[in-house]
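Structure file start.cif with mmCIF, C-alpha atoms, pLDDT in the B column; chains and numbers go by the auth columns:
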```
data_input
#
loop_
_atom_site.group_PDB
_atom_site.id
_atom_site.type_symbol
_atom_site.label_atom_id
_atom_site.label_comp_id
_atom_site.label_asym_id
_atom_site.label_seq_id
_atom_site.Cartn_x
_atom_site.Cartn_y
_atom_site.Cartn_z
_atom_site.B_iso_or_equiv
_atom_site.auth_seq_id
_atom_site.auth_asym_id
ATOM 1 C CA GLU A 1 151.211 158.020 67.199 61.00 6 A
ATOM 2 C CA PRO A 2 152.715 158.121 63.737 70.00 7 A
ATOM 3 C CA ASN A 3 149.682 159.307 61.777 76.00 8 A
ATOM 4 C CA LEU A 4 150.720 159.532 58.144 82.00 9 A
ATOM 5 C CA SER A 5 147.164 159.931 56.819 84.00 10 A
ATOM 6 C CA VAL A 6 146.578 163.260 58.582 86.00 11 A
ATOM 7 C CA ALA A 7 150.012 164.486 57.521 87.00 12 A
ATOM 8 C CA GLY A 8 149.232 163.444 53.949 89.00 13 A
ATOM 9 C CA THR A 9 145.893 165.265 54.099 91.00 14 A
ATOM 10 C CA VAL A 10 147.601 168.440 55.281 92.00 15 A
ATOM 11 C CA LEU A 11 150.201 168.146 52.509 92.00 16 A
ATOM 12 C CA ILE A 12 147.476 167.730 49.873 94.00 17 A
ATOM 13 C CA VAL A 13 145.725 170.843 51.197 95.00 18 A
ATOM 14 C CA VAL A 14 149.002 172.779 51.157 95.00 19 A
ATOM 15 C CA PHE A 15 149.561 171.667 47.564 95.00 20 A
ATOM 16 C CA LEU A 16 146.054 172.838 46.625 95.00 21 A
ATOM 17 C CA LEU A 17 146.723 176.180 48.319 95.00 22 A
ATOM 18 C CA LEU A 18 149.917 176.553 46.301 95.00 23 A
ATOM 19 C CA VAL A 19 147.876 175.910 43.155 94.00 24 A
ATOM 20 C CA ALA A 20 145.301 178.500 44.268 94.00 25 A
ATOM 21 C CA ALA A 21 148.069 180.996 45.044 94.00 26 A
ATOM 22 C CA GLY A 22 149.433 180.675 41.509 92.00 27 A
ATOM 23 C CA ALA A 23 152.661 178.760 42.060 93.00 28 A
ATOM 24 C CA GLN A 24 154.705 177.916 38.982 95.00 29 A
ATOM 25 C CA LYS A 25 153.881 174.639 37.265 95.00 30 A
ATOM 26 C CA SER A 26 157.506 173.501 37.394 95.00 31 A
ATOM 27 C CA HIS A 27 157.562 173.960 41.176 95.00 32 A
ATOM 28 C CA LEU A 28 154.242 172.132 41.559 95.00 33 A
ATOM 29 C CA THR A 29 155.484 169.272 39.389 95.00 34 A
ATOM 30 C CA LEU A 30 158.653 168.954 41.457 96.00 35 A
ATOM 31 C CA LEU A 31 156.638 168.987 44.690 94.00 36 A
ATOM 32 C CA ALA A 32 154.242 166.348 43.323 94.00 37 A
ATOM 33 C CA ILE A 33 157.140 164.083 42.331 95.00 38 A
ATOM 34 C CA MET A 34 158.789 164.534 45.725 94.00 39 A
ATOM 35 C CA GLY A 35 155.467 163.896 47.482 91.00 40 A
ATOM 36 C CA CYS A 36 154.863 160.675 45.556 92.00 41 A
ATOM 37 C CA ALA A 37 158.401 159.497 46.286 94.00 42 A
ATOM 38 C CA ALA A 38 157.964 160.283 49.985 91.00 43 A
ATOM 39 C CA ALA A 39 154.624 158.438 50.040 88.00 44 A
ATOM 40 C CA VAL A 40 156.253 155.341 48.552 90.00 45 A
ATOM 41 C CA LEU A 41 159.177 155.582 50.984 92.00 46 A
ATOM 42 C CA PHE A 42 156.925 155.993 54.033 88.00 47 A
ATOM 43 C CA THR A 43 154.638 153.179 52.877 85.00 48 A
ATOM 44 C CA VAL A 44 157.405 150.604 52.521 86.00 49 A
ATOM 45 C CA SER A 45 159.325 151.787 55.616 87.00 50 A
ATOM 46 C CA GLU A 46 156.675 150.561 58.085 84.00 51 A
ATOM 47 C CA ASP A 47 155.332 147.020 58.020 85.00 52 A
ATOM 48 C CA TYR A 48 151.749 147.960 58.972 83.00 53 A
ATOM 49 C CA ARG A 49 151.564 150.543 56.162 84.00 54 A
ATOM 50 C CA TYR A 50 152.819 148.028 53.638 85.00 55 A
ATOM 51 C CA LYS A 51 150.245 145.493 54.871 85.00 56 A
ATOM 52 C CA ARG A 52 147.504 148.099 54.407 84.00 57 A
ATOM 53 C CA LEU A 53 148.619 148.630 50.821 85.00 58 A
ATOM 54 C CA THR A 54 148.717 144.929 50.016 85.00 59 A
ATOM 55 C CA SER A 55 145.352 144.356 51.691 86.00 60 A
ATOM 56 C CA PHE A 56 143.935 147.204 49.595 87.00 61 A
ATOM 57 C CA ILE A 57 145.100 145.444 46.447 88.00 62 A
ATOM 58 C CA ASP A 58 143.522 142.130 47.541 88.00 63 A
ATOM 59 C CA PRO A 59 141.476 142.350 50.759 88.00 64 A
ATOM 60 C CA TRP A 60 140.266 138.748 50.325 88.00 65 A
ATOM 61 C CA LYS A 61 143.825 137.460 50.723 87.00 66 A
ATOM 62 C CA ASP A 62 143.553 138.061 54.491 84.00 67 A
ATOM 63 C CA PRO A 63 139.829 138.564 55.193 84.00 68 A
ATOM 64 C CA LEU A 64 140.093 138.153 58.973 84.00 69 A
ATOM 65 C CA ASP A 65 142.932 140.607 59.581 85.00 70 A
ATOM 66 C CA THR A 66 144.248 143.236 57.169 84.00 71 A
ATOM 67 C CA GLY A 67 141.351 143.014 54.700 87.00 72 A
ATOM 68 C CA TYR A 68 138.610 142.811 57.324 89.00 73 A
ATOM 69 C CA GLN A 69 137.594 146.484 57.459 89.00 74 A
ATOM 70 C CA ALA A 70 137.449 146.940 53.694 89.00 75 A
ATOM 71 C CA ILE A 71 135.409 143.765 53.210 91.00 76 A
ATOM 72 C CA GLN A 72 132.925 144.653 55.951 91.00 77 A
ATOM 73 C CA SER A 73 132.564 148.165 54.542 91.00 78 A
ATOM 74 C CA LEU A 74 131.793 146.794 51.085 92.00 79 A
ATOM 75 C CA LEU A 75 129.279 144.356 52.573 92.00 80 A
ATOM 76 C CA ALA A 76 127.534 147.244 54.341 92.00 81 A
ATOM 77 C CA LEU A 77 127.400 149.335 51.177 93.00 82 A
ATOM 78 C CA GLY A 78 126.206 146.407 49.089 93.00 83 A
ATOM 79 C CA SER A 79 123.487 145.345 51.499 92.00 84 A
ATOM 80 C CA GLY A 80 121.985 148.839 51.413 91.00 85 A
ATOM 81 C CA GLY A 81 120.949 148.526 47.780 92.00 86 A
ATOM 82 C CA LEU A 82 119.119 151.471 46.236 94.00 87 A
ATOM 83 C CA MET A 83 117.012 152.608 49.199 93.00 88 A
ATOM 84 C CA GLY A 84 118.833 151.130 52.199 92.00 89 A
ATOM 85 C CA VAL A 85 117.577 148.969 55.055 93.00 90 A
ATOM 86 C CA GLY A 86 116.262 151.955 57.031 91.00 91 A
ATOM 87 C CA LEU A 87 117.634 154.359 59.616 91.00 92 A
ATOM 88 C CA GLY A 88 119.046 152.555 62.623 87.00 93 A
ATOM 89 C CA LYS A 89 118.644 149.120 61.043 89.00 94 A
ATOM 90 C CA SER A 90 122.263 148.523 60.056 88.00 95 A
ATOM 91 C CA HIS A 91 123.670 145.150 61.061 87.00 96 A
ATOM 92 C CA GLN A 92 127.288 145.922 60.167 88.00 97 A
ATOM 93 C CA LYS A 93 127.673 148.741 62.696 88.00 98 A
ATOM 94 C CA PHE A 94 126.971 146.557 65.710 87.00 99 A
ATOM 95 C CA PHE A 95 129.445 143.711 65.374 80.00 100 A
ATOM 96 C CA TYR A 96 131.442 143.898 62.168 85.00 101 A
ATOM 97 C CA ILE A 97 132.816 147.310 61.232 85.00 102 A
ATOM 98 C CA PRO A 98 135.353 148.738 63.689 80.00 103 A
ATOM 99 C CA GLU A 99 134.771 152.452 64.390 78.00 104 A
ATOM 100 C CA PRO A 100 131.517 152.668 62.408 84.00 105 A
ATOM 101 C CA GLN A 101 130.741 156.096 63.845 85.00 106 A
ATOM 102 C CA ASN A 102 134.029 157.569 62.582 83.00 107 A
ATOM 103 C CA ASP A 103 136.132 156.052 59.836 85.00 108 A
ATOM 104 C CA PHE A 104 133.372 154.002 58.194 90.00 109 A
ATOM 105 C CA ILE A 105 130.318 156.183 58.722 92.00 110 A
ATOM 106 C CA PHE A 106 129.823 156.411 54.960 94.00 111 A
ATOM 107 C CA ALA A 107 129.462 152.617 54.773 93.00 112 A
ATOM 108 C CA ILE A 108 126.790 152.747 57.466 94.00 113 A
ATOM 109 C CA ILE A 109 125.013 155.538 55.582 95.00 114 A
ATOM 110 C CA GLY A 110 125.152 153.305 52.514 95.00 115 A
ATOM 111 C CA GLU A 111 123.650 150.396 54.405 94.00 116 A
ATOM 112 C CA GLU A 112 120.904 152.402 56.104 95.00 117 A
ATOM 113 C CA LEU A 113 120.046 154.905 53.345 96.00 118 A
ATOM 114 C CA GLY A 114 121.276 153.018 50.298 95.00 119 A
ATOM 115 C CA PHE A 115 122.699 154.365 47.081 96.00 120 A
ATOM 116 C CA LEU A 116 120.325 157.334 47.151 97.00 121 A
ATOM 117 C CA GLY A 117 121.493 158.366 50.626 96.00 122 A
ATOM 118 C CA CYS A 118 125.146 158.081 49.588 96.00 123 A
ATOM 119 C CA ALA A 119 124.465 160.060 46.415 97.00 124 A
ATOM 120 C CA ALA A 120 122.771 162.767 48.484 97.00 125 A
ATOM 121 C CA ILE A 121 125.776 163.017 50.842 97.00 126 A
ATOM 122 C CA ILE A 122 128.198 163.204 47.908 97.00 127 A
ATOM 123 C CA LEU A 123 126.012 165.826 46.219 98.00 128 A
ATOM 124 C CA LEU A 124 126.003 167.940 49.396 97.00 129 A
ATOM 125 C CA PHE A 125 129.807 167.810 49.571 97.00 130 A
ATOM 126 C CA ILE A 126 130.036 168.745 45.875 98.00 131 A
ATOM 127 C CA VAL A 127 127.733 171.743 46.425 98.00 132 A
ATOM 128 C CA LEU A 128 129.707 172.811 49.515 97.00 133 A
ATOM 129 C CA THR A 129 132.980 172.517 47.581 97.00 134 A
ATOM 130 C CA TRP A 130 131.582 174.402 44.592 97.00 135 A
ATOM 131 C CA ARG A 131 130.292 177.215 46.825 97.00 136 A
ATOM 132 C CA GLY A 132 133.635 177.362 48.662 96.00 137 A
ATOM 133 C CA ILE A 133 135.517 177.668 45.378 96.00 138 A
ATOM 134 C CA LYS A 134 133.103 180.372 44.257 97.00 139 A
ATOM 135 C CA VAL A 135 133.723 182.299 47.499 96.00 140 A
ATOM 136 C CA ALA A 136 137.490 181.913 47.009 96.00 141 A
ATOM 137 C CA ILE A 137 137.295 183.233 43.447 95.00 142 A
ATOM 138 C CA ASN A 138 135.104 186.196 44.400 96.00 143 A
ATOM 139 C CA ALA A 139 137.014 187.182 47.557 95.00 144 A
ATOM 140 C CA ALA A 140 138.034 190.812 47.820 94.00 145 A
ATOM 141 C CA ASP A 141 141.679 190.137 48.650 95.00 146 A
ATOM 142 C CA THR A 142 144.321 187.410 48.400 94.00 147 A
ATOM 143 C CA PHE A 143 144.088 186.469 52.071 95.00 148 A
ATOM 144 C CA GLY A 144 140.336 185.938 51.860 95.00 149 A
ATOM 145 C CA SER A 145 140.728 183.949 48.678 96.00 150 A
ATOM 146 C CA LEU A 146 143.368 181.654 50.151 96.00 151 A
ATOM 147 C CA LEU A 147 141.436 181.307 53.414 95.00 152 A
ATOM 148 C CA ALA A 148 138.303 180.199 51.555 96.00 153 A
ATOM 149 C CA ALA A 149 140.363 177.876 49.338 96.00 154 A
ATOM 150 C CA GLY A 150 142.061 176.324 52.374 95.00 155 A
ATOM 151 C CA ILE A 151 138.849 175.750 54.317 95.00 156 A
ATOM 152 C CA THR A 152 137.144 174.314 51.255 96.00 157 A
ATOM 153 C CA SER A 153 140.148 172.115 50.478 96.00 158 A
ATOM 154 C CA ILE A 154 140.378 170.576 53.950 95.00 159 A
ATOM 155 C CA ILE A 155 136.682 169.695 53.918 95.00 160 A
ATOM 156 C CA ALA A 156 136.745 168.347 50.356 96.00 161 A
ATOM 157 C CA VAL A 157 139.964 166.345 50.785 96.00 162 A
ATOM 158 C CA GLN A 158 138.755 164.727 54.016 95.00 163 A
ATOM 159 C CA ALA A 159 135.407 163.865 52.428 96.00 164 A
ATOM 160 C CA ILE A 160 137.086 162.368 49.367 96.00 165 A
ATOM 161 C CA ILE A 161 139.482 160.280 51.463 95.00 166 A
ATOM 162 C CA ASN A 162 136.782 159.017 53.837 94.00 167 A
ATOM 163 C CA ILE A 163 134.440 158.065 50.991 96.00 168 A
ATOM 164 C CA ALA A 164 137.306 156.469 49.052 95.00 169 A
ATOM 165 C CA VAL A 165 138.249 154.348 52.083 92.00 170 A
ATOM 166 C CA ALA A 166 134.636 153.268 52.684 92.00 171 A
ATOM 167 C CA THR A 167 134.240 152.255 49.044 94.00 172 A
ATOM 168 C CA SER A 168 137.626 150.475 49.050 91.00 173 A
ATOM 169 C CA SER A 169 138.993 152.890 46.454 92.00 174 A
ATOM 170 C CA MET A 170 142.083 153.532 48.565 91.00 175 A
ATOM 171 C CA PRO A 171 143.837 151.828 51.496 89.00 176 A
ATOM 172 C CA VAL A 172 142.166 152.003 54.901 86.00 177 A
ATOM 173 C CA THR A 173 143.052 155.098 56.901 86.00 178 A
ATOM 174 C CA GLY A 174 141.487 157.025 59.738 83.00 179 A
ATOM 175 C CA ILE A 175 140.195 160.269 58.252 88.00 180 A
ATOM 176 C CA PRO A 176 136.759 161.375 59.522 89.00 181 A
ATOM 177 C CA LEU A 177 133.914 162.428 57.235 92.00 182 A
ATOM 178 C CA PRO A 178 133.479 166.179 57.883 93.00 183 A
ATOM 179 C CA PHE A 179 130.270 167.189 59.707 92.00 184 A
ATOM 180 C CA ILE A 180 129.077 163.572 59.878 91.00 185 A
ATOM 181 C CA SER A 181 131.629 161.430 61.736 87.00 186 A
ATOM 182 C CA TYR A 182 131.299 161.235 65.502 84.00 187 A
ATOM 183 C CA GLY A 183 133.658 163.430 67.476 76.00 188 A
ATOM 184 C CA GLY A 184 133.126 166.793 69.065 76.00 189 A
ATOM 185 C CA SER A 185 136.535 168.317 68.364 81.00 190 A
ATOM 186 C CA SER A 186 136.371 167.550 64.636 79.00 191 A
ATOM 187 C CA LEU A 187 132.868 168.978 64.364 82.00 192 A
ATOM 188 C CA ILE A 188 133.746 172.131 66.342 86.00 193 A
ATOM 189 C CA PHE A 189 136.773 172.901 64.178 84.00 194 A
ATOM 190 C CA MET A 190 134.942 172.169 60.925 84.00 195 A
ATOM 191 C CA LEU A 191 132.047 174.410 61.922 84.00 196 A
ATOM 192 C CA ALA A 192 134.423 177.151 63.098 83.00 197 A
#
```

Kindly return the structure encoded in the file as structure tokens.
Amino acid sequence: EPNLSVAGTVLIVVFLLLVAAGAQKSHLTLLAIMGCAAAVLFTVSEDYRYKRLTSFIDPWKDPLDTGYQAIQSLLALGSGGLMGVGLGKSHQKFFYIPEPQNDFIFAIIGEELGFLGCAAIILLFIVLTWRGIKVAINAADTFGSLLAAGITSIIAVQAIINIAVATSSMPVTGIPLPFISYGGSSLIFMLA
């Protein structure tokens, strides 16, 4: 299928690797401008992508179709409060949020474990990212440095995108939350 979100994730990671490799700022600026232009072009070229963008801007305009996932995710996060409703006691995951075990797992964590559970997950990803950057900086050679930067970047970018989608900070897309979303192949490759 045409999966622009995964392609965009890979391009962001490549951009971050170019930054880590020491590319010239003028080249990075040109690539960023071209990337933004391509993102706009791809978004308006397909009707479903454009609908996702407009539903991101105002999900309540079409709450039963294009805005449904974002609204249900926000309801799950909001109903969790500070401490959550308890493990396994989410109501949103059973009937309301499509793919709760994958794309919207962070919303379910928010409902079941509350703000504190979400903060703990975010803190763990920050620590993992910080340690990955530290490994990249202290690597003995350029290959090791770029390898550590690439692995860290793919985990961090996927986590940021998944959390941003669940909190309605960006349009809905299907990027899994590393190490947490359901799916054996994603988990195997992340752990490898």

Residue contacts of A:Leu151 (7 Å, all atoms listed in the file) excluding same-chain residues fewer than 6 positions away, as a VMD selection string: chain A and resid 22 25 to 26 141

Taking (129.8, 164.9, 62.2) in the file's coordinates as the center, which residues reach within 12 Å of it, counting only C-alpha atoms, put as an mmCIF file with C-alpha atoms, in the frame of the given file?
```cif
data_model
loop_
_atom_site.group_PDB
_atom_site.id
_atom_site.type_symbol
_atom_site.label_atom_id
_atom_site.label_comp_id
_atom_site.auth_asym_id
_atom_site.auth_seq_id
_atom_site.Cartn_x
_atom_site.Cartn_y
_atom_site.Cartn_z
ATOM 1 C CA GLN A 106 130.741 156.096 63.845
ATOM 2 C CA ASN A 107 134.029 157.569 62.582
ATOM 3 C CA ASP A 108 136.132 156.052 59.836
ATOM 4 C CA ILE A 110 130.318 156.183 58.722
ATOM 5 C CA PHE A 111 129.823 156.411 54.960
ATOM 6 C CA ILE A 160 136.682 169.695 53.918
ATOM 7 C CA ALA A 164 135.407 163.865 52.428
ATOM 8 C CA PRO A 181 136.759 161.375 59.522
ATOM 9 C CA LEU A 182 133.914 162.428 57.235
ATOM 10 C CA PRO A 183 133.479 166.179 57.883
ATOM 11 C CA PHE A 184 130.270 167.189 59.707
ATOM 12 C CA ILE A 185 129.077 163.572 59.878
ATOM 13 C CA SER A 186 131.629 161.430 61.736
ATOM 14 C CA TYR A 187 131.299 161.235 65.502
ATOM 15 C CA GLY A 188 133.658 163.430 67.476
ATOM 16 C CA GLY A 189 133.126 166.793 69.065
ATOM 17 C CA SER A 190 136.535 168.317 68.364
ATOM 18 C CA SER A 191 136.371 167.550 64.636
ATOM 19 C CA LEU A 192 132.868 168.978 64.364
ATOM 20 C CA ILE A 193 133.746 172.131 66.342
ATOM 21 C CA PHE A 194 136.773 172.901 64.178
ATOM 22 C CA MET A 195 134.942 172.169 60.925
ATOM 23 C CA LEU A 196 132.047 174.410 61.922
#
```

Nearest-residue call for A:Pro176, choices A:Ser60, A:Thr14, A:Thr157, A:Asn8, using only C-alpha atoms: A:Ser60

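Nearest residue to A:Tyr73 among A:Met88, A:Ile142, A:Ile102, A:Cys41 is A:Ile102, counting all atoms listed in the file.
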
Test item: the PyMOL selection byres ((chain A and resi 23) around 12) resolved as a ChimeraX atom specification: /A:16-22,24-30,32-34,36-37,151,154-155,158

Could the centre and edge lengths of an axis-aligned box, enclosing all atoms of stretch 45-51 of chain A in the file with 8 Å extra on each side, be given in Å to one decimal as AutoDock Vina command-line options?
```
--center_x 157.0 --center_y 153.3 --center_z 53.3 --size_x 20.7 --size_y 21.4 --size_z 25.5
```

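Take the candidates A:Tyr53, A:Ala75, A:Ser84, A:Val45 and check each one against A:Pro7 using all atoms listed in the file; the shortest distance goes to A:Tyr53.
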
Contact residues around A:Phe61 with all atoms listed in the file at 10 Å, ignoring same-chain residues under 6 positions, as a list in words: Tyr55, Thr71, Gly72, Ala75, Ile76, Val170, Ser173, Ser174, Met175, Pro176 and Val177 of chain A

Starting from the shown file, work through the PyMOL selection byres ((chain A and resi 133) around 12) and note down what comes out as an mmCIF file with C-alpha atoms, in the coordinates of the input.
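As written to disk, selection_37.cif reads:
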```
data_model
loop_
_atom_site.group_PDB
_atom_site.id
_atom_site.type_symbol
_atom_site.label_atom_id
_atom_site.label_comp_id
_atom_site.auth_asym_id
_atom_site.auth_seq_id
_atom_site.Cartn_x
_atom_site.Cartn_y
_atom_site.Cartn_z
ATOM 1 C CA ILE A 126 125.776 163.017 50.842
ATOM 2 C CA ILE A 127 128.198 163.204 47.908
ATOM 3 C CA LEU A 128 126.012 165.826 46.219
ATOM 4 C CA LEU A 129 126.003 167.940 49.396
ATOM 5 C CA PHE A 130 129.807 167.810 49.571
ATOM 6 C CA ILE A 131 130.036 168.745 45.875
ATOM 7 C CA VAL A 132 127.733 171.743 46.425
ATOM 8 C CA THR A 134 132.980 172.517 47.581
ATOM 9 C CA TRP A 135 131.582 174.402 44.592
ATOM 10 C CA ARG A 136 130.292 177.215 46.825
ATOM 11 C CA GLY A 137 133.635 177.362 48.662
ATOM 12 C CA ILE A 138 135.517 177.668 45.378
ATOM 13 C CA LYS A 139 133.103 180.372 44.257
ATOM 14 C CA VAL A 140 133.723 182.299 47.499
ATOM 15 C CA ALA A 153 138.303 180.199 51.555
ATOM 16 C CA ALA A 154 140.363 177.876 49.338
ATOM 17 C CA ILE A 156 138.849 175.750 54.317
ATOM 18 C CA THR A 157 137.144 174.314 51.255
ATOM 19 C CA SER A 158 140.148 172.115 50.478
ATOM 20 C CA ILE A 159 140.378 170.576 53.950
ATOM 21 C CA ILE A 160 136.682 169.695 53.918
ATOM 22 C CA ALA A 161 136.745 168.347 50.356
ATOM 23 C CA ALA A 164 135.407 163.865 52.428
ATOM 24 C CA PRO A 183 133.479 166.179 57.883
ATOM 25 C CA PHE A 184 130.270 167.189 59.707
#
```

Residue among A:Thr172, A:Gly115, A:Ala144, A:Lys56 lying closest to A:Gly91, counting only C-alpha atoms: A:Gly115

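For the point (118.4, 153.7, 51.6), the residues with an atom at a distance of at most 6 Å are A:Leu87, A:Met88, A:Gly89, A:Val90, A:Glu117, A:Leu118, A:Gly119, A:Gly122, counting all atoms listed in the file.
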
Write the selection just made, keeping C-alpha atoms, as a PDB file, in the frame of the given file?
```pdb
ATOM      1  CA  LEU A  87     119.119 151.471  46.236  1.00 94.00           C
ATOM      2  CA  MET A  88     117.012 152.608  49.199  1.00 93.00           C
ATOM      3  CA  GLY A  89     118.833 151.130  52.199  1.00 92.00           C
ATOM      4  CA  VAL A  90     117.577 148.969  55.055  1.00 93.00           C
ATOM      5  CA  GLU A 117     120.904 152.402  56.104  1.00 95.00           C
ATOM      6  CA  LEU A 118     120.046 154.905  53.345  1.00 96.00           C
ATOM      7  CA  GLY A 119     121.276 153.018  50.298  1.00 95.00           C
ATOM      8  CA  GLY A 122     121.493 158.366  50.626  1.00 96.00           C
TER       9      GLY A 122
END
```

I want to know what sits within 7 Å of A:Ile113, based on only C-alpha atoms, with residues of the same chain fewer than 3 positions away left out; could you give that as a PDB file with C-alpha atoms, in the coordinates of the input?
```
ATOM      1  CA  ALA A  81     127.534 147.244  54.341  1.00 92.00           C
ATOM      2  CA  SER A  95     122.263 148.523  60.056  1.00 88.00           C
ATOM      3  CA  LYS A  98     127.673 148.741  62.696  1.00 88.00           C
ATOM      4  CA  PRO A 105     131.517 152.668  62.408  1.00 84.00           C
ATOM      5  CA  PHE A 109     133.372 154.002  58.194  1.00 90.00           C
ATOM      6  CA  ILE A 110     130.318 156.183  58.722  1.00 92.00           C
ATOM      7  CA  GLU A 116     123.650 150.396  54.405  1.00 94.00           C
ATOM      8  CA  GLU A 117     120.904 152.402  56.104  1.00 95.00           C
TER       9      GLU A 117
END
```

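Checking A:Ser10, A:Leu80, A:Ile165, A:Gly85 one by one against A:Thr48, counting all atoms listed in the file, you find the shortest gap at A:Ser10.
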